[in-house]
Structures are given as C-alpha cells and as structure tokens.
>>> print(open('my_file_37.cif').read())   # mmCIF, C-alpha atoms
data_my_file
loop_
_atom_site.label_atom_id
_atom_site.label_comp_id
_atom_site.auth_asym_id
_atom_site.auth_seq_id
_atom_site.Cartn_x
_atom_site.Cartn_y
_atom_site.Cartn_z
CA MET P 325 -3.31 4.94 -0.13
CA SER P 326 -0.74 6.55 -2.48
CA THR P 327 -1.30 7.36 -6.14
CA VAL P 328 1.91 9.03 -7.30
CA PRO P 329 4.64 7.70 -9.62
CA ALA P 330 7.94 6.27 -8.51
CA ASP P 331 11.34 7.76 -7.86
CA PRO P 332 14.27 5.99 -9.55
CA ILE P 333 15.23 2.79 -7.77
CA LEU P 334 18.29 3.26 -5.61
CA GLN P 335 18.91 -0.37 -4.84
CA THR P 336 17.08 -3.66 -5.13
CA PRO P 337 18.28 -6.26 -2.62
CA ALA P 338 17.94 -9.82 -3.77
CA ARG P 339 16.73 -10.99 -0.38
CA ASP P 340 15.93 -8.67 2.48
CA TRP P 341 13.74 -9.89 5.31
CA ARG P 342 13.11 -6.30 6.30
CA THR P 343 11.34 -5.61 3.04
CA GLY P 344 8.66 -8.21 3.69
CA ALA P 345 8.19 -6.96 7.23
CA GLU P 346 7.90 -3.35 6.06
CA LEU P 347 5.38 -4.23 3.35
CA VAL P 348 3.23 -6.04 5.91
CA ALA P 349 3.54 -3.09 8.30
CA LEU P 350 2.47 -0.65 5.59
CA GLY P 351 -0.50 -2.81 4.65
CA ALA P 352 -1.47 -2.95 8.32
CA ILE P 353 -1.21 0.84 8.70
CA TRP P 354 -3.30 1.55 5.61
CA GLY P 355 -5.80 -1.12 6.63
CA GLY P 356 -6.06 0.61 9.99
CA SER P 357 -7.21 3.83 8.30
CA PHE P 358 -10.63 2.28 7.68
CA LEU P 359 -10.91 1.35 11.34
CA PHE P 360 -10.05 4.91 12.37
CA MET P 361 -12.59 6.35 9.95
CA ARG P 362 -15.29 4.00 11.13
CA VAL P 363 -14.79 5.05 14.76
CA ALA P 364 -14.60 8.81 14.13
CA ALA P 365 -16.94 9.33 11.16
CA ASN P 366 -20.20 9.81 13.06
CA ASP P 367 -18.70 12.27 15.57
CA PHE P 368 -16.80 14.38 13.05
CA GLY P 369 -18.77 14.10 9.83
CA PRO P 370 -17.02 13.64 6.47
CA PHE P 371 -15.56 17.09 5.75
CA PRO P 372 -14.28 17.91 9.27
CA MET P 373 -12.72 14.45 9.55
CA VAL P 374 -11.06 14.66 6.15
CA ALA P 375 -9.75 18.20 6.63
CA THR P 376 -8.29 17.32 10.04
CA ARG P 377 -6.72 14.17 8.64
CA LEU P 378 -5.19 16.12 5.75
CA LEU P 379 -3.87 18.83 8.04
CA PHE P 380 -1.94 16.38 10.21
CA GLY P 381 -0.72 14.44 7.16
CA SER P 382 0.44 17.63 5.43
CA VAL P 383 2.40 18.79 8.45
CA ILE P 384 4.31 15.49 8.46
CA LEU P 385 5.19 15.78 4.76
CA LEU P 386 5.85 19.53 4.47
CA PRO P 387 9.63 19.12 4.91
CA LEU P 388 9.66 16.99 1.74
CA LEU P 389 7.90 19.76 -0.18
CA TRP P 390 10.31 22.36 1.20
CA ARG P 391 13.29 20.25 0.21
CA ALA P 392 12.12 20.23 -3.43
CA ARG P 393 11.14 23.92 -3.54
CA ALA P 394 13.81 24.82 -6.12
CA SER P 395 12.14 22.60 -8.74
CA ILE P 396 8.57 23.82 -8.10
CA ARG P 397 7.06 26.55 -10.29
CA VAL P 398 3.76 28.43 -9.97
CA SER P 399 2.18 26.17 -12.61
CA HIS P 400 3.03 23.17 -10.44
CA LEU P 401 1.15 24.67 -7.50
CA TRP P 402 -2.09 24.92 -9.47
CA LYS P 403 -1.69 21.36 -10.67
CA MET P 404 -1.07 20.14 -7.13
CA LEU P 405 -4.21 21.92 -5.98
CA ALA P 406 -6.33 20.30 -8.69
CA LEU P 407 -4.77 16.88 -8.32
CA GLY P 408 -4.99 17.18 -4.55
CA ALA P 409 -8.75 17.17 -5.02
CA LEU P 410 -8.63 13.99 -7.09
CA SER P 411 -5.95 12.13 -5.15
CA ALA P 412 -7.03 13.01 -1.61
CA ALA P 413 -9.90 15.44 -0.94
CA ILE P 414 -12.59 13.66 -2.95
CA PRO P 415 -11.64 10.00 -2.29
CA PHE P 416 -10.99 10.63 1.41
CA THR P 417 -14.42 12.26 1.68
CA LEU P 418 -16.12 9.40 -0.15
CA PHE P 419 -14.49 6.84 2.15
CA ALA P 420 -15.42 8.95 5.19
CA TRP P 421 -19.03 9.19 4.00
CA GLY P 422 -19.12 5.43 3.50
CA ALA P 423 -17.62 4.86 6.95
CA GLU P 424 -20.69 6.50 8.50
CA ARG P 425 -22.94 3.94 6.84
CA ALA P 426 -21.15 0.60 6.54
CA PRO P 427 -18.54 -1.62 8.22
CA ALA P 428 -14.88 -0.68 7.83
CA GLY P 429 -14.25 -3.75 5.67
CA ILE P 430 -16.49 -2.43 2.90
CA GLY P 431 -14.24 0.54 2.18
CA ALA P 432 -11.08 -1.50 2.59
CA ILE P 433 -12.25 -4.06 0.03
CA ALA P 434 -13.46 -1.42 -2.44
CA ASN P 435 -10.08 0.31 -2.14
CA SER P 436 -8.47 -2.70 -3.82
CA MET P 437 -9.94 -1.58 -7.15
CA THR P 438 -7.44 1.30 -7.37
CA VAL P 439 -4.87 -0.67 -9.37
CA LEU P 440 -7.48 -1.84 -11.88
CA PHE P 441 -9.02 1.62 -12.28
CA ALA P 442 -5.56 3.06 -12.92
CA ALA P 443 -5.13 0.54 -15.76
CA LEU P 444 -8.59 1.33 -17.15
CA VAL P 445 -7.97 5.10 -17.18
CA ALA P 446 -4.57 4.58 -18.80
CA PHE P 447 -6.27 2.53 -21.53
CA VAL P 448 -9.26 4.80 -22.18
CA GLY P 449 -7.68 8.20 -21.61
CA PHE P 450 -4.04 7.74 -22.54
CA GLY P 451 -4.04 4.97 -25.13
CA GLU P 452 -1.96 2.51 -23.15
CA LYS P 453 -2.36 -1.14 -24.03
CA ILE P 454 -4.35 -3.02 -21.45
CA GLY P 455 -3.76 -6.61 -22.52
CA THR P 456 -5.97 -9.67 -22.12
CA ARG P 457 -4.85 -10.38 -18.57
CA LYS P 458 -5.77 -6.92 -17.27
CA ALA P 459 -9.01 -6.88 -19.25
CA ILE P 460 -10.10 -10.13 -17.57
CA ALA P 461 -9.01 -8.75 -14.21
CA LEU P 462 -11.06 -5.57 -14.73
CA VAL P 463 -14.22 -7.53 -15.50
CA ALA P 464 -13.65 -9.76 -12.47
CA GLY P 465 -12.99 -6.76 -10.28
CA PHE P 466 -16.22 -5.07 -11.31
CA VAL P 467 -18.11 -8.29 -10.61
CA GLY P 468 -16.57 -8.20 -7.14
CA VAL P 469 -17.81 -4.63 -6.59
CA VAL P 470 -21.32 -5.62 -7.68
CA ILE P 471 -21.28 -8.50 -5.18
CA LEU P 472 -19.97 -6.19 -2.47
CA ALA P 473 -22.66 -3.58 -3.19
CA SER P 474 -25.43 -6.17 -3.19
CA GLY P 475 -24.50 -7.55 0.23
CA ARG P 476 -26.20 -6.83 3.54
CA THR P 477 -24.63 -6.48 6.96
CA SER P 478 -26.77 -6.79 10.07
CA GLY P 479 -29.85 -6.14 7.96
CA ASP P 480 -28.48 -2.93 6.39
CA ASN P 481 -27.86 -2.53 2.69
CA VAL P 482 -24.31 -1.32 2.11
CA ALA P 483 -24.65 -0.62 -1.62
CA LEU P 484 -24.11 3.13 -1.42
CA ALA P 485 -21.04 2.77 0.81
CA ALA P 486 -19.56 0.16 -1.54
CA LEU P 487 -20.22 2.37 -4.57
CA ALA P 488 -18.70 5.37 -2.77
CA GLY P 489 -15.59 3.27 -2.12
CA ALA P 490 -15.44 2.23 -5.77
CA ALA P 491 -15.81 5.88 -6.84
CA ALA P 492 -12.99 6.84 -4.47
CA SER P 493 -10.78 4.14 -5.98
CA PHE P 494 -11.59 5.47 -9.45
CA CYS P 495 -10.41 8.92 -8.30
CA TYR P 496 -7.17 7.35 -7.12
CA GLY P 497 -6.70 5.62 -10.47
CA LEU P 498 -7.46 8.78 -12.44
CA ALA P 499 -5.16 10.87 -10.26
CA ALA P 500 -2.31 8.40 -10.69
CA ASN P 501 -2.41 8.84 -14.46
CA LEU P 502 -2.75 12.62 -14.34
CA ILE P 503 0.08 12.97 -11.84
CA ARG P 504 2.30 10.83 -14.05
CA LYS P 505 1.48 13.09 -17.00
CA TYR P 506 1.57 16.55 -15.43
CA LEU P 507 3.86 16.30 -12.39
CA ALA P 508 6.49 13.82 -13.51
CA ASP P 509 9.22 16.47 -13.34
CA ILE P 510 8.97 16.78 -9.54
CA ALA P 511 10.14 14.31 -6.91
CA PRO P 512 7.20 12.02 -6.04
CA THR P 513 7.59 12.70 -2.34
CA ALA P 514 7.15 16.42 -3.02
CA VAL P 515 4.13 15.67 -5.21
CA ALA P 516 2.54 13.68 -2.38
CA ALA P 517 3.18 16.54 0.06
CA GLY P 518 1.91 19.19 -2.35
CA CYS P 519 -1.25 17.29 -3.22
CA LEU P 520 -2.06 16.71 0.44
CA LEU P 521 -1.52 20.40 1.19
CA GLY P 522 -3.73 21.36 -1.76
CA ALA P 523 -6.43 18.99 -0.57
CA THR P 524 -6.21 20.52 2.92
CA ILE P 525 -6.80 24.00 1.49
CA LEU P 526 -9.80 22.78 -0.52
CA THR P 527 -11.52 20.96 2.34
CA ALA P 528 -10.85 23.47 5.12
CA PRO P 529 -13.77 25.82 4.26
CA LEU P 530 -16.20 22.88 4.00
CA ALA P 531 -14.96 21.56 7.34
CA ALA P 532 -15.50 24.95 8.97
CA LEU P 533 -19.05 25.17 7.61
CA THR P 534 -20.01 21.66 8.74
CA TRP P 535 -18.03 21.39 11.98
CA PRO P 536 -20.17 19.50 14.54
CA GLU P 537 -21.82 21.53 17.30
CA ALA P 538 -21.53 18.75 19.87
CA PRO P 539 -18.15 18.18 21.55
CA ILE P 540 -16.12 15.49 19.80
CA PRO P 541 -15.11 12.58 22.09
CA ALA P 542 -11.43 12.07 22.85
CA LYS P 543 -11.53 8.62 21.23
CA SER P 544 -12.61 10.10 17.90
CA TRP P 545 -9.96 12.81 18.13
CA ALA P 546 -7.33 10.14 18.76
CA CYS P 547 -8.50 8.18 15.72
CA VAL P 548 -8.39 11.20 13.41
CA VAL P 549 -4.95 12.22 14.65
CA ALA P 550 -3.76 8.64 14.02
CA LEU P 551 -5.45 8.76 10.62
CA GLY P 552 -3.52 11.90 9.68
CA VAL P 553 -0.16 11.26 11.29
CA LEU P 554 0.12 7.48 10.93
CA SER P 555 -2.09 6.40 8.01
CA THR P 556 -1.45 9.48 5.85
CA GLY P 557 1.75 11.39 6.65
CA LEU P 558 4.08 8.68 7.96
CA ALA P 559 2.60 6.00 5.70
CA TYR P 560 3.25 8.11 2.58
CA ALA P 561 6.82 8.82 3.65
CA PHE P 562 7.33 5.15 4.49
CA TYR P 563 5.86 4.09 1.14
CA PHE P 564 8.22 6.31 -0.88
CA ARG P 565 11.17 5.07 1.12
CA LEU P 566 10.20 1.58 0.00
CA ILE P 567 9.78 2.72 -3.62
CA GLN P 568 13.30 4.15 -3.62
CA ARG P 569 14.73 0.92 -2.22
CA ILE P 570 12.80 -1.84 -4.00
CA GLY P 571 10.89 -0.14 -6.85
CA ALA P 572 7.28 0.87 -7.38
CA SER P 573 5.87 -2.49 -8.48
CA ARG P 574 7.16 -4.35 -5.42
CA ALA P 575 6.19 -1.55 -3.07
CA ALA P 576 2.65 -1.58 -4.48
CA THR P 577 2.13 -5.11 -3.21
CA ALA P 578 1.44 -3.54 0.19
CA THR P 579 -1.94 -2.47 -1.19
CA TYR P 580 -2.91 -6.13 -1.58
CA LEU P 581 -2.81 -6.43 2.21
CA VAL P 582 -5.07 -3.43 2.90
CA PRO P 583 -8.43 -5.26 2.64
CA LEU P 584 -7.11 -8.16 4.71
CA PHE P 585 -5.99 -5.90 7.53
CA GLY P 586 -9.00 -3.61 7.14
CA VAL P 587 -11.38 -6.49 7.76
CA ALA P 588 -9.18 -8.00 10.49
CA TRP P 589 -8.89 -4.77 12.49
CA ALA P 590 -12.63 -4.13 12.23
CA TRP P 591 -13.32 -7.65 13.49
CA MET P 592 -10.79 -7.45 16.32
CA PHE P 593 -11.61 -3.97 17.64
CA LEU P 594 -15.19 -3.28 16.52
CA GLY P 595 -16.66 -6.76 16.40
CA GLU P 596 -17.69 -6.32 12.77
CA ALA P 597 -18.37 -9.65 11.11
CA LEU P 598 -17.03 -10.74 7.74
CA THR P 599 -20.18 -11.60 5.80
CA PRO P 600 -20.22 -14.18 2.97
CA SER P 601 -20.76 -11.45 0.36
CA MET P 602 -17.81 -9.44 1.73
CA ALA P 603 -15.59 -12.54 1.74
CA LEU P 604 -16.56 -13.47 -1.82
CA ALA P 605 -16.22 -9.91 -3.13
CA GLY P 606 -12.88 -9.48 -1.38
CA ALA P 607 -11.53 -12.72 -2.80
CA ILE P 608 -12.62 -11.81 -6.34
CA ILE P 609 -11.32 -8.23 -6.23
CA LEU P 610 -8.02 -9.09 -4.56
CA GLY P 611 -7.55 -12.10 -6.83
CA SER P 612 -8.22 -10.00 -9.92
CA VAL P 613 -5.66 -7.40 -8.85
CA ILE P 614 -2.98 -10.01 -8.19
CA PHE P 615 -3.83 -11.77 -11.48
CA SER P 616 -3.48 -8.49 -13.39
CA GLN P 617 0.02 -7.93 -11.99
CA LYS P 618 1.42 -11.37 -12.82
CA SER P 619 3.89 -11.56 -15.65
CA LYS P 620 2.84 -13.48 -18.72
CA GLY P 621 5.71 -15.87 -18.32
#
>>> encode(input="my_file_37.cif", output="structure tokens")
Amino acid sequence: MSTVPADPILQTPARDWRTGAELVALGAIWGGSFLFMRVAANDFGPFPMVATRLLFGSVILLPLLWRARASIRVSHLWKMLALGALSAAIPFTLFAWGAERAPAGIGAIANSMTVLFAALVAFVGFGEKIGTRKAIALVAGFVGVVILASGRTSGDNVALAALAGAAASFCYGLAANLIRKYLADIAPTAVAAGCLLGATILTAPLAALTWPEAPIPAKSWACVVALGVLSTGLAYAFYFRLIQRIGASRAATATYLVPLFGVAWAWMFLGEALTPSMALAGAIILGSVIFSQKSKG
C-alpha cells in the first residue's frame, strides 16, 4: 500500500466508469498481496521474502526515478533511504512475519488502520487539527484492532500477528507525514521508486544472512515475484496514475477494498475462514476509516 503525497490533479472526470473499475482492480491487487505473503512466508522467511519483493518492485519503478533524476540531490537520497525503511522495509517485514503466524485476512484488516494512523501522527507530531469525526474514528479503529488481536482462528491466538499488522500500519502513517514534509519537492512517483530502492538496499544484507537452506518451492517463488511485480511495482505505478487523473482522496478509496479482497482471496484460494472476531473487527475498522473521510456536510 502507498504512503506518498499526491501529484497535482491533471483532470477530474465527472463520471468515468473506468475509474470505478480501476479502483476495484487496485483494491483487488493490494488485497492479493496478503494472499501471496501467506503462501510464501514459511518457505522464504520474512527478510528474504521482503528483499525479493522489493527488488522486483524497484526494478519496475526505476524508470520513474531516472526520469526525475534532475530534481534529486544527495540529501534526497539519504532521506529516501531512511523513509524507505519506514514506508516499506519495516512494514513489509512486519506483515511478512505476521503472515507466517496468522491467516491472510488478519494483515489485510489491520492494514486498514493506515489512514487513521496518518491522521494521528499529523495531529501529535505536526499540529494538524484532527476534528471530532476523526477522533471518534480513531477510537473506534483501535477498538477494532483490540477485537482483532483478541480473536482466535482454528484454536490459534493471532494477537501478535494483528499487533504486527497494526505496527506496520503505524509505520505507513508516520512515513506518509514525513514524506510530505521532507520529500514534497520531488515527484511522488520518483519518491515511491526511491523509497523502494532504499528499502531494498537496507533489507538485502538481512536477506542474505537469513536465506533459507532448503530449496524454495516454485509456488512460493511465483507468489513473491507476483508480490513484487504486481502488488508493489505495477500497483504503485497504477495508483499514481489514478492520483494524477482523479486526485489523491478519491484514489485512496481503493484502500477501503483491501481488507475485503484480502479476506475473499484467502477464503477462495486457501480455505481460510472469516471468523466472527475478524468480521466484527473488519467492520469496525473499515467503518471508522470511511466515517473519518466523510465530509461534515
């Protein structure tokens, strides 16, 4: 899921059936990332899976970084490296760690907290007004995470996986604010490419040290390649294309569909059940995010 600010809006069509279809497609692709992680996590391990994912995603987006090279200074590179840790390396690893221990839907649902965490960080760290609506949504969202963490699936407690997902979402929210503050003078597509490349550099040594000794099955390789190419590289490029056409706020509605597709794909392809606690937590978290984005009028 993306955490960088928006490019200026190029055009905003009043009614465009393609926009709805593209938003659904993006939600489906991002939701699929939790399925891919769930399949490959045990064979790869967190760091090797994340580094491989980042490598493939970076290769897809490198042309966007090259295109913006004239506007990038040395100070930007250090910032991209640091923010690559917060926006990709750390949250991707937390989600991968959780995928080893809990159903794919757990991470997908926890991921929905990103929007609320971004608002919380903006309020606490940058003095932005949060408003009554977002404050209520934050409280509701945290209640949803508590319910998600307290649930059990097939007799296993998923608390740690749910908390890892919430921590990853907090990283996304923190990174979004820091990127807006420190990298606003670069095209967002270049920021996304640079942060992914920085995250790849950071995770590569850890991947090399923890690379599994046993051969990795072809199915897991296919999932990680799809995770990098489809759910990271192409999805980011697709997302920014939407931002340029319809604006950031409308494009962000794709994230509302991530938990729905994450749970649906896991049920369809892995046979993972939607438990009552997951359904309740998902409804509360998703509802709180949508509520926080509604206009007061």
>>> resolve_selection(input="my_file_37.cif", expression="the PyMOL selection byres ((chain P and resi 424) around 6)", output="count of residues only")
6
>>> resolve_selection(input="my_file_37.cif", expression="the PyMOL selection byres ((chain P and resi 483-490) around 7)", output="PyMOL selection string")
chain P and resi 418-419+422+425-426+430-431+434-435+437+472-474+481-482+491-494
>>> resolve_selection(input="my_file_37.cif", expression="the PyMOL selection byres ((chain P and resi 465) around 7)", output="list in words")
Met437, Ala461, Leu462, Val463, Ala464, Phe466, Val467, Gly468, Val469, Ile608, Ile609 and Ser612 of chain P
>>> closest_residue(input="my_file_37.cif", among="P:Ile433, P:Thr513, P:Gly518, P:Phe416", to="Ala607 (chain P)", atoms="all atoms listed in the file")
P:Ile433
>>> residues_around(input="my_file_37.cif", residues="region 529-536 of chain P", least_positions_apart="2", cutoff="10 Å", atoms="all atoms listed in the file", output="VMD selection string")
chain P and resid 366 to 376 524 to 527 538 to 540
>>> decode(input="my_file_37.cif", residues="region 427-438 of chain P", atoms="N, CA and C atoms", output="PDB file, in the first residue's frame")
ATOM      1  N   PRO P 427      -3.846 -16.104   9.543  1.00  0.00           N
ATOM      2  CA  PRO P 427      -4.497 -16.032   8.233  1.00  0.00           C
ATOM      3  C   PRO P 427      -4.240 -14.714   7.524  1.00  0.00           C
ATOM      4  N   ALA P 428      -4.309 -14.737   6.201  1.00  0.00           N
ATOM      5  CA  ALA P 428      -4.036 -13.549   5.392  1.00  0.00           C
ATOM      6  C   ALA P 428      -4.969 -12.394   5.742  1.00  0.00           C
ATOM      7  N   GLY P 429      -6.208 -12.714   6.119  1.00  0.00           N
ATOM      8  CA  GLY P 429      -7.175 -11.664   6.434  1.00  0.00           C
ATOM      9  C   GLY P 429      -6.790 -10.804   7.614  1.00  0.00           C
ATOM     10  N   ILE P 430      -5.999 -11.338   8.534  1.00  0.00           N
ATOM     11  CA  ILE P 430      -5.592 -10.569   9.713  1.00  0.00           C
ATOM     12  C   ILE P 430      -4.768  -9.356   9.294  1.00  0.00           C
ATOM     13  N   GLY P 431      -3.759  -9.583   8.461  1.00  0.00           N
ATOM     14  CA  GLY P 431      -2.936  -8.474   7.994  1.00  0.00           C
ATOM     15  C   GLY P 431      -3.719  -7.499   7.138  1.00  0.00           C
ATOM     16  N   ALA P 432      -4.581  -8.020   6.286  1.00  0.00           N
ATOM     17  CA  ALA P 432      -5.368  -7.158   5.401  1.00  0.00           C
ATOM     18  C   ALA P 432      -6.280  -6.231   6.195  1.00  0.00           C
ATOM     19  N   ILE P 433      -6.883  -6.757   7.252  1.00  0.00           N
ATOM     20  CA  ILE P 433      -7.770  -5.940   8.087  1.00  0.00           C
ATOM     21  C   ILE P 433      -6.966  -4.905   8.862  1.00  0.00           C
ATOM     22  N   ALA P 434      -5.842  -5.321   9.452  1.00  0.00           N
ATOM     23  CA  ALA P 434      -5.011  -4.396  10.216  1.00  0.00           C
ATOM     24  C   ALA P 434      -4.482  -3.271   9.333  1.00  0.00           C
ATOM     25  N   ASN P 435      -4.234  -3.566   8.074  1.00  0.00           N
ATOM     26  CA  ASN P 435      -3.723  -2.577   7.127  1.00  0.00           C
ATOM     27  C   ASN P 435      -4.667  -1.382   6.971  1.00  0.00           C
ATOM     28  N   SER P 436      -5.942  -1.597   7.247  1.00  0.00           N
ATOM     29  CA  SER P 436      -6.927  -0.521   7.093  1.00  0.00           C
ATOM     30  C   SER P 436      -6.690   0.634   8.054  1.00  0.00           C
ATOM     31  N   MET P 437      -5.896   0.396   9.098  1.00  0.00           N
ATOM     32  CA  MET P 437      -5.645   1.451  10.084  1.00  0.00           C
ATOM     33  C   MET P 437      -4.691   2.526   9.573  1.00  0.00           C
ATOM     34  N   THR P 438      -4.103   2.332   8.408  1.00  0.00           N
ATOM     35  CA  THR P 438      -3.113   3.280   7.895  1.00  0.00           C
ATOM     36  C   THR P 438      -3.639   4.709   7.840  1.00  0.00           C
TER      37      THR P 438
END
